[in-house]
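Listing of start36.txt, compact mmCIF, N, CA and C atoms
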# COMPACT_ATOMS: atom_id res chain seq x y z
N LEU A 1237 -46.34 32.67 -42.59
CA LEU A 1237 -45.96 31.28 -42.46
C LEU A 1237 -47.20 30.44 -42.64
N SER A 1238 -47.10 29.45 -43.49
CA SER A 1238 -48.18 28.49 -43.67
C SER A 1238 -47.68 27.13 -43.22
N ILE A 1239 -48.44 26.48 -42.38
CA ILE A 1239 -48.08 25.13 -41.93
C ILE A 1239 -49.03 24.17 -42.62
N ILE A 1240 -48.42 23.30 -43.45
CA ILE A 1240 -49.19 22.35 -44.23
C ILE A 1240 -49.01 20.97 -43.62
N GLY A 1241 -50.10 20.25 -43.49
CA GLY A 1241 -50.05 18.92 -42.90
C GLY A 1241 -50.76 18.91 -41.57
N SER A 1242 -50.81 17.75 -40.99
CA SER A 1242 -51.45 17.63 -39.69
C SER A 1242 -50.71 16.57 -38.89
N GLY A 1243 -50.96 16.54 -37.63
CA GLY A 1243 -50.30 15.57 -36.78
C GLY A 1243 -50.70 15.78 -35.34
N ASN A 1244 -50.11 15.00 -34.48
CA ASN A 1244 -50.46 15.01 -33.07
C ASN A 1244 -50.14 16.33 -32.38
N ASP A 1245 -49.18 17.08 -32.90
CA ASP A 1245 -48.74 18.32 -32.24
C ASP A 1245 -49.48 19.56 -32.72
N ARG A 1246 -50.44 19.42 -33.61
CA ARG A 1246 -51.08 20.60 -34.19
C ARG A 1246 -51.72 21.50 -33.13
N THR A 1247 -52.50 20.94 -32.23
CA THR A 1247 -53.17 21.74 -31.21
C THR A 1247 -52.15 22.47 -30.34
N LYS A 1248 -51.10 21.77 -29.96
CA LYS A 1248 -50.05 22.38 -29.14
C LYS A 1248 -49.37 23.52 -29.90
N LEU A 1249 -49.09 23.31 -31.19
CA LEU A 1249 -48.46 24.35 -32.01
C LEU A 1249 -49.38 25.56 -32.18
N GLU A 1250 -50.64 25.30 -32.42
CA GLU A 1250 -51.59 26.41 -32.56
C GLU A 1250 -51.63 27.25 -31.28
N GLN A 1251 -51.60 26.59 -30.13
CA GLN A 1251 -51.62 27.31 -28.87
C GLN A 1251 -50.34 28.12 -28.68
N GLN A 1252 -49.19 27.55 -29.05
CA GLN A 1252 -47.92 28.27 -28.95
C GLN A 1252 -47.94 29.53 -29.81
N ILE A 1253 -48.49 29.39 -31.01
CA ILE A 1253 -48.59 30.54 -31.93
C ILE A 1253 -49.46 31.63 -31.31
N LEU A 1254 -50.60 31.25 -30.77
CA LEU A 1254 -51.50 32.23 -30.15
C LEU A 1254 -50.84 32.88 -28.94
N ASN A 1255 -50.19 32.07 -28.11
CA ASN A 1255 -49.51 32.61 -26.91
C ASN A 1255 -48.41 33.60 -27.28
N ALA A 1256 -47.77 33.40 -28.42
CA ALA A 1256 -46.69 34.27 -28.87
C ALA A 1256 -47.23 35.51 -29.59
N GLY A 1257 -48.55 35.58 -29.77
CA GLY A 1257 -49.15 36.73 -30.45
C GLY A 1257 -48.92 36.73 -31.95
N LEU A 1258 -48.76 35.55 -32.52
CA LEU A 1258 -48.46 35.44 -33.95
C LEU A 1258 -49.64 34.89 -34.77
N GLY A 1259 -50.81 34.87 -34.17
CA GLY A 1259 -51.97 34.28 -34.84
C GLY A 1259 -52.28 34.87 -36.21
N GLU A 1260 -51.98 36.15 -36.40
CA GLU A 1260 -52.25 36.81 -37.68
C GLU A 1260 -51.19 36.49 -38.74
N GLN A 1261 -50.06 35.95 -38.31
CA GLN A 1261 -48.96 35.70 -39.24
C GLN A 1261 -48.79 34.23 -39.62
N VAL A 1262 -49.49 33.34 -38.94
CA VAL A 1262 -49.32 31.90 -39.18
C VAL A 1262 -50.67 31.29 -39.53
N ARG A 1263 -50.68 30.50 -40.60
CA ARG A 1263 -51.90 29.80 -41.02
C ARG A 1263 -51.64 28.30 -40.93
N PHE A 1264 -52.57 27.57 -40.37
CA PHE A 1264 -52.53 26.11 -40.34
C PHE A 1264 -53.50 25.62 -41.40
N LEU A 1265 -52.97 24.98 -42.44
CA LEU A 1265 -53.80 24.59 -43.58
C LEU A 1265 -54.23 23.14 -43.56
N GLY A 1266 -53.65 22.35 -42.69
CA GLY A 1266 -53.97 20.92 -42.68
C GLY A 1266 -53.37 20.24 -43.89
N ALA A 1267 -53.84 19.05 -44.18
CA ALA A 1267 -53.34 18.29 -45.32
C ALA A 1267 -54.00 18.81 -46.60
N ILE A 1268 -53.19 19.23 -47.54
CA ILE A 1268 -53.69 19.66 -48.85
C ILE A 1268 -52.85 18.98 -49.92
N GLN A 1269 -53.38 18.89 -51.12
CA GLN A 1269 -52.65 18.25 -52.20
C GLN A 1269 -53.08 18.80 -53.55
N GLY A 1270 -52.46 18.29 -54.58
CA GLY A 1270 -52.81 18.67 -55.94
C GLY A 1270 -52.57 20.14 -56.23
N GLU A 1271 -53.48 20.72 -56.99
CA GLU A 1271 -53.34 22.12 -57.42
C GLU A 1271 -53.34 23.08 -56.23
N MET A 1272 -54.12 22.76 -55.21
CA MET A 1272 -54.16 23.63 -54.03
C MET A 1272 -52.79 23.67 -53.35
N LEU A 1273 -52.12 22.52 -53.25
CA LEU A 1273 -50.78 22.45 -52.67
C LEU A 1273 -49.79 23.22 -53.53
N ALA A 1274 -49.83 22.99 -54.83
CA ALA A 1274 -48.90 23.66 -55.75
C ALA A 1274 -49.06 25.18 -55.66
N ASN A 1275 -50.30 25.65 -55.62
CA ASN A 1275 -50.55 27.09 -55.51
C ASN A 1275 -50.03 27.65 -54.20
N GLU A 1276 -50.22 26.91 -53.12
CA GLU A 1276 -49.75 27.37 -51.82
C GLU A 1276 -48.23 27.42 -51.77
N LEU A 1277 -47.57 26.39 -52.27
CA LEU A 1277 -46.11 26.38 -52.27
C LEU A 1277 -45.55 27.51 -53.11
N ALA A 1278 -46.20 27.82 -54.22
CA ALA A 1278 -45.72 28.88 -55.11
C ALA A 1278 -45.77 30.25 -54.45
N ARG A 1279 -46.53 30.40 -53.38
CA ARG A 1279 -46.63 31.68 -52.66
C ARG A 1279 -45.44 31.92 -51.74
N HIS A 1280 -44.60 30.91 -51.51
CA HIS A 1280 -43.56 30.99 -50.51
C HIS A 1280 -42.16 30.93 -51.11
N ARG A 1281 -41.19 31.51 -50.42
CA ARG A 1281 -39.79 31.46 -50.85
C ARG A 1281 -39.07 30.26 -50.29
N PHE A 1282 -39.46 29.82 -49.10
CA PHE A 1282 -38.80 28.72 -48.42
C PHE A 1282 -39.81 27.64 -48.07
N MET A 1283 -39.32 26.41 -48.04
CA MET A 1283 -40.09 25.28 -47.53
C MET A 1283 -39.24 24.62 -46.46
N VAL A 1284 -39.78 24.50 -45.27
CA VAL A 1284 -39.04 23.88 -44.17
C VAL A 1284 -39.63 22.50 -43.92
N VAL A 1285 -38.74 21.49 -43.92
CA VAL A 1285 -39.15 20.11 -43.62
C VAL A 1285 -38.30 19.65 -42.44
N PRO A 1286 -38.80 19.90 -41.22
CA PRO A 1286 -38.01 19.64 -40.01
C PRO A 1286 -38.19 18.23 -39.43
N SER A 1287 -38.00 17.22 -40.25
CA SER A 1287 -38.19 15.85 -39.77
C SER A 1287 -37.23 15.52 -38.64
N ARG A 1288 -37.78 14.89 -37.62
CA ARG A 1288 -36.94 14.45 -36.51
C ARG A 1288 -36.30 13.11 -36.79
N TYR A 1289 -36.92 12.32 -37.64
CA TYR A 1289 -36.38 11.00 -37.97
C TYR A 1289 -35.79 11.03 -39.37
N GLU A 1290 -35.16 9.96 -39.75
CA GLU A 1290 -34.51 9.89 -41.07
C GLU A 1290 -35.53 9.47 -42.13
N GLU A 1291 -35.98 10.45 -42.89
CA GLU A 1291 -36.92 10.18 -43.98
C GLU A 1291 -36.28 9.24 -44.99
N PRO A 1292 -37.02 8.26 -45.50
CA PRO A 1292 -36.44 7.39 -46.53
C PRO A 1292 -36.18 8.15 -47.83
N PHE A 1293 -37.06 9.07 -48.18
CA PHE A 1293 -36.88 9.94 -49.35
C PHE A 1293 -37.80 11.13 -49.12
N GLY A 1294 -37.58 12.19 -49.87
CA GLY A 1294 -38.34 13.40 -49.62
C GLY A 1294 -39.10 13.92 -50.80
N ILE A 1295 -40.18 13.25 -51.18
CA ILE A 1295 -41.01 13.74 -52.28
C ILE A 1295 -41.47 15.17 -51.99
N VAL A 1296 -41.79 15.45 -50.73
CA VAL A 1296 -42.24 16.80 -50.36
C VAL A 1296 -41.18 17.84 -50.72
N ALA A 1297 -39.91 17.50 -50.54
CA ALA A 1297 -38.84 18.44 -50.88
C ALA A 1297 -38.79 18.67 -52.40
N LEU A 1298 -39.02 17.62 -53.18
CA LEU A 1298 -39.08 17.77 -54.64
C LEU A 1298 -40.24 18.68 -55.04
N GLU A 1299 -41.38 18.52 -54.37
CA GLU A 1299 -42.53 19.38 -54.66
C GLU A 1299 -42.19 20.84 -54.37
N GLY A 1300 -41.49 21.06 -53.28
CA GLY A 1300 -41.09 22.42 -52.95
C GLY A 1300 -40.15 23.01 -53.99
N LEU A 1301 -39.15 22.21 -54.38
CA LEU A 1301 -38.21 22.67 -55.42
C LEU A 1301 -38.95 22.99 -56.72
N ALA A 1302 -39.85 22.10 -57.11
CA ALA A 1302 -40.60 22.30 -58.36
C ALA A 1302 -41.46 23.55 -58.31
N SER A 1303 -41.84 23.96 -57.10
CA SER A 1303 -42.67 25.16 -56.93
C SER A 1303 -41.83 26.42 -56.74
N GLY A 1304 -40.50 26.28 -56.78
CA GLY A 1304 -39.63 27.43 -56.65
C GLY A 1304 -39.23 27.77 -55.23
N CYS A 1305 -39.56 26.89 -54.29
CA CYS A 1305 -39.16 27.12 -52.89
C CYS A 1305 -37.72 26.69 -52.67
N ILE A 1306 -37.05 27.37 -51.78
CA ILE A 1306 -35.73 26.95 -51.32
C ILE A 1306 -35.99 26.00 -50.15
N PRO A 1307 -35.62 24.72 -50.30
CA PRO A 1307 -35.89 23.79 -49.21
C PRO A 1307 -34.88 23.94 -48.07
N VAL A 1308 -35.41 23.90 -46.85
CA VAL A 1308 -34.61 23.88 -45.63
C VAL A 1308 -35.03 22.57 -44.97
N VAL A 1309 -34.13 21.58 -44.99
CA VAL A 1309 -34.52 20.23 -44.60
C VAL A 1309 -33.58 19.60 -43.58
N SER A 1310 -34.10 18.63 -42.85
CA SER A 1310 -33.29 17.86 -41.92
C SER A 1310 -32.23 17.09 -42.69
N ARG A 1311 -31.03 17.07 -42.14
CA ARG A 1311 -29.85 16.55 -42.83
C ARG A 1311 -29.80 15.02 -42.94
N GLN A 1312 -30.14 14.32 -41.88
CA GLN A 1312 -30.03 12.86 -41.90
C GLN A 1312 -31.26 12.25 -42.56
N GLY A 1313 -31.01 11.36 -43.50
CA GLY A 1313 -32.10 10.70 -44.21
C GLY A 1313 -32.16 11.12 -45.67
N GLY A 1314 -33.26 10.79 -46.31
CA GLY A 1314 -33.39 10.97 -47.75
C GLY A 1314 -33.74 12.35 -48.23
N LEU A 1315 -34.04 13.27 -47.33
CA LEU A 1315 -34.37 14.63 -47.78
C LEU A 1315 -33.19 15.28 -48.50
N THR A 1316 -31.97 15.03 -48.01
CA THR A 1316 -30.80 15.62 -48.67
C THR A 1316 -30.60 15.03 -50.06
N ASP A 1317 -30.93 13.73 -50.23
CA ASP A 1317 -30.86 13.14 -51.57
C ASP A 1317 -31.87 13.80 -52.49
N ALA A 1318 -33.04 14.07 -51.95
CA ALA A 1318 -34.10 14.68 -52.77
C ALA A 1318 -33.72 16.08 -53.24
N ILE A 1319 -33.11 16.87 -52.38
CA ILE A 1319 -32.78 18.24 -52.80
C ILE A 1319 -31.47 18.31 -53.57
N GLY A 1320 -30.62 17.30 -53.43
CA GLY A 1320 -29.41 17.23 -54.23
C GLY A 1320 -28.55 18.47 -54.20
N GLY A 1321 -28.40 19.11 -53.08
CA GLY A 1321 -27.57 20.31 -53.00
C GLY A 1321 -28.30 21.59 -53.33
N HIS A 1322 -29.58 21.50 -53.63
CA HIS A 1322 -30.37 22.69 -53.98
C HIS A 1322 -31.19 23.16 -52.79
N GLY A 1323 -30.55 23.26 -51.64
CA GLY A 1323 -31.26 23.72 -50.46
C GLY A 1323 -30.31 23.85 -49.29
N ILE A 1324 -30.88 23.97 -48.13
CA ILE A 1324 -30.14 24.19 -46.89
C ILE A 1324 -30.50 23.06 -45.94
N THR A 1325 -29.50 22.53 -45.22
CA THR A 1325 -29.77 21.43 -44.29
C THR A 1325 -29.35 21.79 -42.87
N PHE A 1326 -29.95 21.08 -41.93
CA PHE A 1326 -29.62 21.24 -40.51
C PHE A 1326 -29.79 19.88 -39.85
N PRO A 1327 -29.13 19.67 -38.71
CA PRO A 1327 -29.23 18.37 -38.03
C PRO A 1327 -30.67 18.08 -37.57
N ASN A 1328 -31.11 16.86 -37.78
CA ASN A 1328 -32.46 16.46 -37.35
C ASN A 1328 -32.68 16.79 -35.88
N GLY A 1329 -33.83 17.39 -35.60
CA GLY A 1329 -34.21 17.67 -34.23
C GLY A 1329 -33.53 18.85 -33.58
N ASP A 1330 -32.68 19.56 -34.30
CA ASP A 1330 -31.93 20.68 -33.72
C ASP A 1330 -32.65 22.00 -34.03
N ALA A 1331 -33.58 22.36 -33.15
CA ALA A 1331 -34.40 23.56 -33.36
C ALA A 1331 -33.56 24.83 -33.38
N GLU A 1332 -32.51 24.89 -32.57
CA GLU A 1332 -31.66 26.09 -32.55
C GLU A 1332 -30.93 26.27 -33.87
N ALA A 1333 -30.40 25.16 -34.41
CA ALA A 1333 -29.71 25.24 -35.70
C ALA A 1333 -30.69 25.66 -36.79
N LEU A 1334 -31.90 25.13 -36.75
CA LEU A 1334 -32.92 25.51 -37.73
C LEU A 1334 -33.23 26.99 -37.62
N ALA A 1335 -33.43 27.49 -36.41
CA ALA A 1335 -33.74 28.91 -36.21
C ALA A 1335 -32.61 29.78 -36.74
N ASP A 1336 -31.37 29.40 -36.47
CA ASP A 1336 -30.22 30.17 -36.95
C ASP A 1336 -30.17 30.18 -38.47
N LEU A 1337 -30.40 29.02 -39.09
CA LEU A 1337 -30.38 28.94 -40.56
C LEU A 1337 -31.49 29.77 -41.18
N LEU A 1338 -32.68 29.71 -40.60
CA LEU A 1338 -33.79 30.50 -41.13
C LEU A 1338 -33.51 31.99 -41.00
N ASP A 1339 -32.96 32.40 -39.88
CA ASP A 1339 -32.61 33.81 -39.69
C ASP A 1339 -31.62 34.25 -40.76
N GLU A 1340 -30.60 33.43 -40.97
CA GLU A 1340 -29.58 33.74 -41.98
C GLU A 1340 -30.18 33.76 -43.39
N ALA A 1341 -31.01 32.76 -43.69
CA ALA A 1341 -31.60 32.67 -45.03
C ALA A 1341 -32.55 33.84 -45.30
N LEU A 1342 -33.34 34.21 -44.31
CA LEU A 1342 -34.28 35.32 -44.51
C LEU A 1342 -33.56 36.65 -44.66
N ARG A 1343 -32.41 36.80 -44.03
CA ARG A 1343 -31.63 38.02 -44.18
C ARG A 1343 -30.90 38.06 -45.52
N GLY A 1344 -30.63 36.89 -46.10
CA GLY A 1344 -29.89 36.82 -47.36
C GLY A 1344 -30.64 36.01 -48.40
N VAL A 1345 -31.89 36.40 -48.65
CA VAL A 1345 -32.73 35.64 -49.58
C VAL A 1345 -32.06 35.49 -50.94
N ARG A 1346 -31.41 36.54 -51.41
CA ARG A 1346 -30.78 36.46 -52.74
C ARG A 1346 -29.68 35.41 -52.77
N SER A 1347 -28.84 35.39 -51.75
CA SER A 1347 -27.77 34.38 -51.74
C SER A 1347 -28.35 32.99 -51.51
N ALA A 1348 -29.41 32.88 -50.71
CA ALA A 1348 -30.06 31.58 -50.52
C ALA A 1348 -30.67 31.10 -51.84
N SER A 1349 -31.18 32.02 -52.62
CA SER A 1349 -31.80 31.67 -53.91
C SER A 1349 -30.80 31.06 -54.88
N ALA A 1350 -29.52 31.33 -54.68
CA ALA A 1350 -28.49 30.78 -55.58
C ALA A 1350 -28.48 29.26 -55.56
N CYS A 1351 -28.95 28.66 -54.48
CA CYS A 1351 -28.94 27.20 -54.42
C CYS A 1351 -29.96 26.58 -55.38
N LEU A 1352 -30.83 27.40 -55.97
CA LEU A 1352 -31.79 26.88 -56.95
C LEU A 1352 -31.21 26.83 -58.36
N ALA A 1353 -29.99 27.34 -58.55
CA ALA A 1353 -29.38 27.29 -59.88
C ALA A 1353 -29.24 25.84 -60.33
N GLY A 1354 -29.72 25.55 -61.51
CA GLY A 1354 -29.62 24.20 -62.07
C GLY A 1354 -30.64 23.22 -61.55
N VAL A 1355 -31.64 23.72 -60.84
CA VAL A 1355 -32.62 22.82 -60.23
C VAL A 1355 -33.46 22.07 -61.28
N GLU A 1356 -33.65 22.65 -62.45
CA GLU A 1356 -34.45 21.98 -63.48
C GLU A 1356 -33.82 20.65 -63.89
N LYS A 1357 -32.50 20.66 -64.05
CA LYS A 1357 -31.79 19.43 -64.42
C LYS A 1357 -31.93 18.39 -63.30
N HIS A 1358 -31.81 18.84 -62.07
CA HIS A 1358 -31.95 17.93 -60.93
C HIS A 1358 -33.36 17.34 -60.89
N LEU A 1359 -34.38 18.17 -61.05
CA LEU A 1359 -35.76 17.69 -61.01
C LEU A 1359 -36.06 16.73 -62.15
N ALA A 1360 -35.43 16.93 -63.29
CA ALA A 1360 -35.66 16.05 -64.44
C ALA A 1360 -35.29 14.60 -64.12
N ARG A 1361 -34.33 14.41 -63.23
CA ARG A 1361 -33.92 13.06 -62.84
C ARG A 1361 -35.03 12.30 -62.13
N PHE A 1362 -36.01 13.03 -61.60
CA PHE A 1362 -37.07 12.40 -60.82
C PHE A 1362 -38.42 12.36 -61.52
N ARG A 1363 -38.45 12.76 -62.77
CA ARG A 1363 -39.68 12.63 -63.55
C ARG A 1363 -39.96 11.14 -63.73
N SER A 1364 -41.22 10.77 -63.81
CA SER A 1364 -41.59 9.35 -63.85
C SER A 1364 -40.90 8.60 -64.98
N GLU A 1365 -40.76 9.24 -66.14
CA GLU A 1365 -40.12 8.57 -67.28
C GLU A 1365 -38.65 8.27 -66.98
N ALA A 1366 -37.97 9.21 -66.36
CA ALA A 1366 -36.54 9.02 -66.04
C ALA A 1366 -36.37 7.94 -64.99
N VAL A 1367 -37.22 7.93 -63.98
CA VAL A 1367 -37.13 6.89 -62.94
C VAL A 1367 -37.43 5.53 -63.54
N ALA A 1368 -38.48 5.45 -64.38
CA ALA A 1368 -38.83 4.18 -65.02
C ALA A 1368 -37.68 3.67 -65.88
N GLU A 1369 -37.04 4.56 -66.61
CA GLU A 1369 -35.92 4.16 -67.46
C GLU A 1369 -34.77 3.59 -66.63
N ARG A 1370 -34.49 4.19 -65.48
CA ARG A 1370 -33.43 3.67 -64.61
C ARG A 1370 -33.79 2.27 -64.10
N TYR A 1371 -35.05 2.06 -63.74
CA TYR A 1371 -35.48 0.73 -63.29
C TYR A 1371 -35.34 -0.29 -64.42
N ILE A 1372 -35.76 0.08 -65.61
CA ILE A 1372 -35.66 -0.83 -66.76
C ILE A 1372 -34.21 -1.20 -67.01
N ASN A 1373 -33.31 -0.24 -66.92
CA ASN A 1373 -31.88 -0.53 -67.11
C ASN A 1373 -31.36 -1.49 -66.05
N VAL A 1374 -31.80 -1.34 -64.82
CA VAL A 1374 -31.39 -2.28 -63.76
C VAL A 1374 -31.89 -3.68 -64.08
N PHE A 1375 -33.16 -3.78 -64.49
CA PHE A 1375 -33.73 -5.09 -64.81
C PHE A 1375 -33.01 -5.73 -66.00
N LYS A 1376 -32.64 -4.92 -66.99
CA LYS A 1376 -31.89 -5.45 -68.14
C LYS A 1376 -30.54 -5.99 -67.71
N LYS A 1377 -29.83 -5.27 -66.86
CA LYS A 1377 -28.53 -5.73 -66.38
C LYS A 1377 -28.65 -7.03 -65.61
N ILE A 1378 -29.68 -7.13 -64.77
CA ILE A 1378 -29.90 -8.38 -64.02
C ILE A 1378 -30.21 -9.52 -64.97
N SER A 1379 -31.06 -9.25 -65.95
CA SER A 1379 -31.43 -10.27 -66.92
C SER A 1379 -30.22 -10.74 -67.72
N GLU A 1380 -29.38 -9.79 -68.15
CA GLU A 1380 -28.17 -10.13 -68.91
C GLU A 1380 -27.19 -10.93 -68.05
N ALA A 1381 -27.08 -10.58 -66.78
CA ALA A 1381 -26.16 -11.29 -65.88
C ALA A 1381 -26.62 -12.71 -65.62
N ASN A 1382 -27.94 -12.94 -65.68
CA ASN A 1382 -28.48 -14.26 -65.43
C ASN A 1382 -28.63 -15.09 -66.69
N SER A 1383 -28.29 -14.53 -67.84
CA SER A 1383 -28.44 -15.25 -69.12
C SER A 1383 -27.27 -16.16 -69.38

Kindly return the structure encoded in the file as structure tokens.
Amino acid sequence: LSIIGSGNDRTKLEQQILNAGLGEQVRFLGAIQGEMLANELARHRFMVVPSRYEEPFGIVALEGLASGCIPVVSRQGGLTDAIGGHGITFPNGDAEALADLLDEALRGVRSASACLAGVEKHLARFRSEAVAERYINVFKKISEANS
């Protein structure tokens, strides 16, 4: 398990990991980006984004999908929009539901991998050119309506 990012709970989480005797199995990488992030994500089968609040959108989930990870994300908020059905969701803040889903997913990696079918088409919708084209079309419609 690699934990990417940082926050107020890092020290507490590191201590929990040590107390559980899992220090050799869990790595805390802090905030990473660019090629280092892409390489790290490519090493994993799953990406878990356990947001407690409603994310406005989930660029991190798109990065995981693009790296071949199966996203496991909090249900309420924009993370579900980002994965577009190409992942697994659980209620925000529900650690038990997350644990159950991870247990199920790890036991059935092949069936979990099926949710990545068609992900290339989904990701193409979020490429900068595609997003820019959608914005331009909105601006054109507004301009035509005001003409």

- prompt: Please, what distance in Å, to one decimal, runs between atom C of Gln1252 in chain A and CA of Leu1237 in chain A?
  reply: 12.9 Å

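Checking A:Gly1344, A:Gly1259, A:Gly1294, A:Pro1286 one by one against Thr1316 in chain A, counting all atoms listed in the file, you find the shortest gap at A:Gly1294.
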
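Closest to Arg1288 in chain A among A:Asp1330, A:Asp1245, A:Glu1356, A:Asp1336 is A:Asp1330, based on only C-alpha atoms.
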
As an mmCIF file with N, CA and C atoms, keeping the file's coordinate frame, please: every residue in range 1248-1329 of chain A that DSSP puts in alpha helix (DSSP H).
data_model
loop_
_atom_site.group_PDB
_atom_site.id
_atom_site.type_symbol
_atom_site.label_atom_id
_atom_site.label_comp_id
_atom_site.auth_asym_id
_atom_site.auth_seq_id
_atom_site.Cartn_x
_atom_site.Cartn_y
_atom_site.Cartn_z
ATOM 1 N N LYS A 1248 -51.100 21.770 -29.960
ATOM 2 C CA LYS A 1248 -50.050 22.380 -29.140
ATOM 3 C C LYS A 1248 -49.370 23.520 -29.900
ATOM 4 N N LEU A 1249 -49.090 23.310 -31.190
ATOM 5 C CA LEU A 1249 -48.460 24.350 -32.010
ATOM 6 C C LEU A 1249 -49.380 25.560 -32.180
ATOM 7 N N GLU A 1250 -50.640 25.300 -32.420
ATOM 8 C CA GLU A 1250 -51.590 26.410 -32.560
ATOM 9 C C GLU A 1250 -51.630 27.250 -31.280
ATOM 10 N N GLN A 1251 -51.600 26.590 -30.130
ATOM 11 C CA GLN A 1251 -51.620 27.310 -28.870
ATOM 12 C C GLN A 1251 -50.340 28.120 -28.680
ATOM 13 N N GLN A 1252 -49.190 27.550 -29.050
ATOM 14 C CA GLN A 1252 -47.920 28.270 -28.950
ATOM 15 C C GLN A 1252 -47.940 29.530 -29.810
ATOM 16 N N ILE A 1253 -48.490 29.390 -31.010
ATOM 17 C CA ILE A 1253 -48.590 30.540 -31.930
ATOM 18 C C ILE A 1253 -49.460 31.630 -31.310
ATOM 19 N N LEU A 1254 -50.600 31.250 -30.770
ATOM 20 C CA LEU A 1254 -51.500 32.230 -30.150
ATOM 21 C C LEU A 1254 -50.840 32.880 -28.940
ATOM 22 N N ASN A 1255 -50.190 32.070 -28.110
ATOM 23 C CA ASN A 1255 -49.510 32.610 -26.910
ATOM 24 C C ASN A 1255 -48.410 33.600 -27.280
ATOM 25 N N GLY A 1270 -52.460 18.290 -54.580
ATOM 26 C CA GLY A 1270 -52.810 18.670 -55.940
ATOM 27 C C GLY A 1270 -52.570 20.140 -56.230
ATOM 28 N N GLU A 1271 -53.480 20.720 -56.990
ATOM 29 C CA GLU A 1271 -53.340 22.120 -57.420
ATOM 30 C C GLU A 1271 -53.340 23.080 -56.230
ATOM 31 N N MET A 1272 -54.120 22.760 -55.210
ATOM 32 C CA MET A 1272 -54.160 23.630 -54.030
ATOM 33 C C MET A 1272 -52.790 23.670 -53.350
ATOM 34 N N LEU A 1273 -52.120 22.520 -53.250
ATOM 35 C CA LEU A 1273 -50.780 22.450 -52.670
ATOM 36 C C LEU A 1273 -49.790 23.220 -53.530
ATOM 37 N N ALA A 1274 -49.830 22.990 -54.830
ATOM 38 C CA ALA A 1274 -48.900 23.660 -55.750
ATOM 39 C C ALA A 1274 -49.060 25.180 -55.660
ATOM 40 N N ASN A 1275 -50.300 25.650 -55.620
ATOM 41 C CA ASN A 1275 -50.550 27.090 -55.510
ATOM 42 C C ASN A 1275 -50.030 27.650 -54.200
ATOM 43 N N GLU A 1276 -50.220 26.910 -53.120
ATOM 44 C CA GLU A 1276 -49.750 27.370 -51.820
ATOM 45 C C GLU A 1276 -48.230 27.420 -51.770
ATOM 46 N N LEU A 1277 -47.570 26.390 -52.270
ATOM 47 C CA LEU A 1277 -46.110 26.380 -52.270
ATOM 48 C C LEU A 1277 -45.550 27.510 -53.110
ATOM 49 N N ALA A 1278 -46.200 27.820 -54.220
ATOM 50 C CA ALA A 1278 -45.720 28.880 -55.110
ATOM 51 C C ALA A 1278 -45.770 30.250 -54.450
ATOM 52 N N ILE A 1295 -40.180 13.250 -51.180
ATOM 53 C CA ILE A 1295 -41.010 13.740 -52.280
ATOM 54 C C ILE A 1295 -41.470 15.170 -51.990
ATOM 55 N N VAL A 1296 -41.790 15.450 -50.730
ATOM 56 C CA VAL A 1296 -42.240 16.800 -50.360
ATOM 57 C C VAL A 1296 -41.180 17.840 -50.720
ATOM 58 N N ALA A 1297 -39.910 17.500 -50.540
ATOM 59 C CA ALA A 1297 -38.840 18.440 -50.880
ATOM 60 C C ALA A 1297 -38.790 18.670 -52.400
ATOM 61 N N LEU A 1298 -39.020 17.620 -53.180
ATOM 62 C CA LEU A 1298 -39.080 17.770 -54.640
ATOM 63 C C LEU A 1298 -40.240 18.680 -55.040
ATOM 64 N N GLU A 1299 -41.380 18.520 -54.370
ATOM 65 C CA GLU A 1299 -42.530 19.380 -54.660
ATOM 66 C C GLU A 1299 -42.190 20.840 -54.370
ATOM 67 N N GLY A 1300 -41.490 21.060 -53.280
ATOM 68 C CA GLY A 1300 -41.090 22.420 -52.950
ATOM 69 C C GLY A 1300 -40.150 23.010 -53.990
ATOM 70 N N LEU A 1301 -39.150 22.210 -54.380
ATOM 71 C CA LEU A 1301 -38.210 22.670 -55.420
ATOM 72 C C LEU A 1301 -38.950 22.990 -56.720
ATOM 73 N N ALA A 1302 -39.850 22.100 -57.110
ATOM 74 C CA ALA A 1302 -40.600 22.300 -58.360
ATOM 75 C C ALA A 1302 -41.460 23.550 -58.310
ATOM 76 N N LEU A 1315 -34.040 13.270 -47.330
ATOM 77 C CA LEU A 1315 -34.370 14.630 -47.780
ATOM 78 C C LEU A 1315 -33.190 15.280 -48.500
ATOM 79 N N THR A 1316 -31.970 15.030 -48.010
ATOM 80 C CA THR A 1316 -30.800 15.620 -48.670
ATOM 81 C C THR A 1316 -30.600 15.030 -50.060
ATOM 82 N N ASP A 1317 -30.930 13.730 -50.230
ATOM 83 C CA ASP A 1317 -30.860 13.140 -51.570
ATOM 84 C C ASP A 1317 -31.870 13.800 -52.490
ATOM 85 N N ALA A 1318 -33.040 14.070 -51.950
ATOM 86 C CA ALA A 1318 -34.100 14.680 -52.770
ATOM 87 C C ALA A 1318 -33.720 16.080 -53.240
ATOM 88 N N ILE A 1319 -33.110 16.870 -52.380
ATOM 89 C CA ILE A 1319 -32.780 18.240 -52.800
ATOM 90 C C ILE A 1319 -31.470 18.310 -53.570
#

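The coordinates place atom C of Val1284 in chain A at 18.6 Å from CA of Thr1247 in chain A.
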
field: Atomic distance atom N of Gly1241 in chain A - CA of Ala1368 in chain A, expressed in Å with one decimal
entry: 29.1 Å

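With distances restricted to only N, CA and C atoms, A:Arg1263 is the closest residue to Ser1238 in chain A from A:Glu1365, A:Asp1317, A:Ile1253, A:Arg1263.
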
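These are the residues of chain A assigned strand (DSSP E) by DSSP from backbone coordinates: A:Ser1238, A:Ile1239, A:Ile1240, A:Arg1263, A:Phe1264, A:Leu1265, A:Gly1266, A:Phe1282, A:Met1283, A:Val1284, A:Val1285, A:Ile1306, A:Pro1307, A:Val1308, A:Val1309, A:Ser1310, A:Ile1324, A:Thr1325, A:Phe1326.
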
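Ranking A:Ala1267, A:Ala1318, A:Ile1324, A:Leu1273 by their shortest atom-to-atom distance to Ser1347 in chain A, with only C-alpha atoms included, puts A:Ile1324 first.
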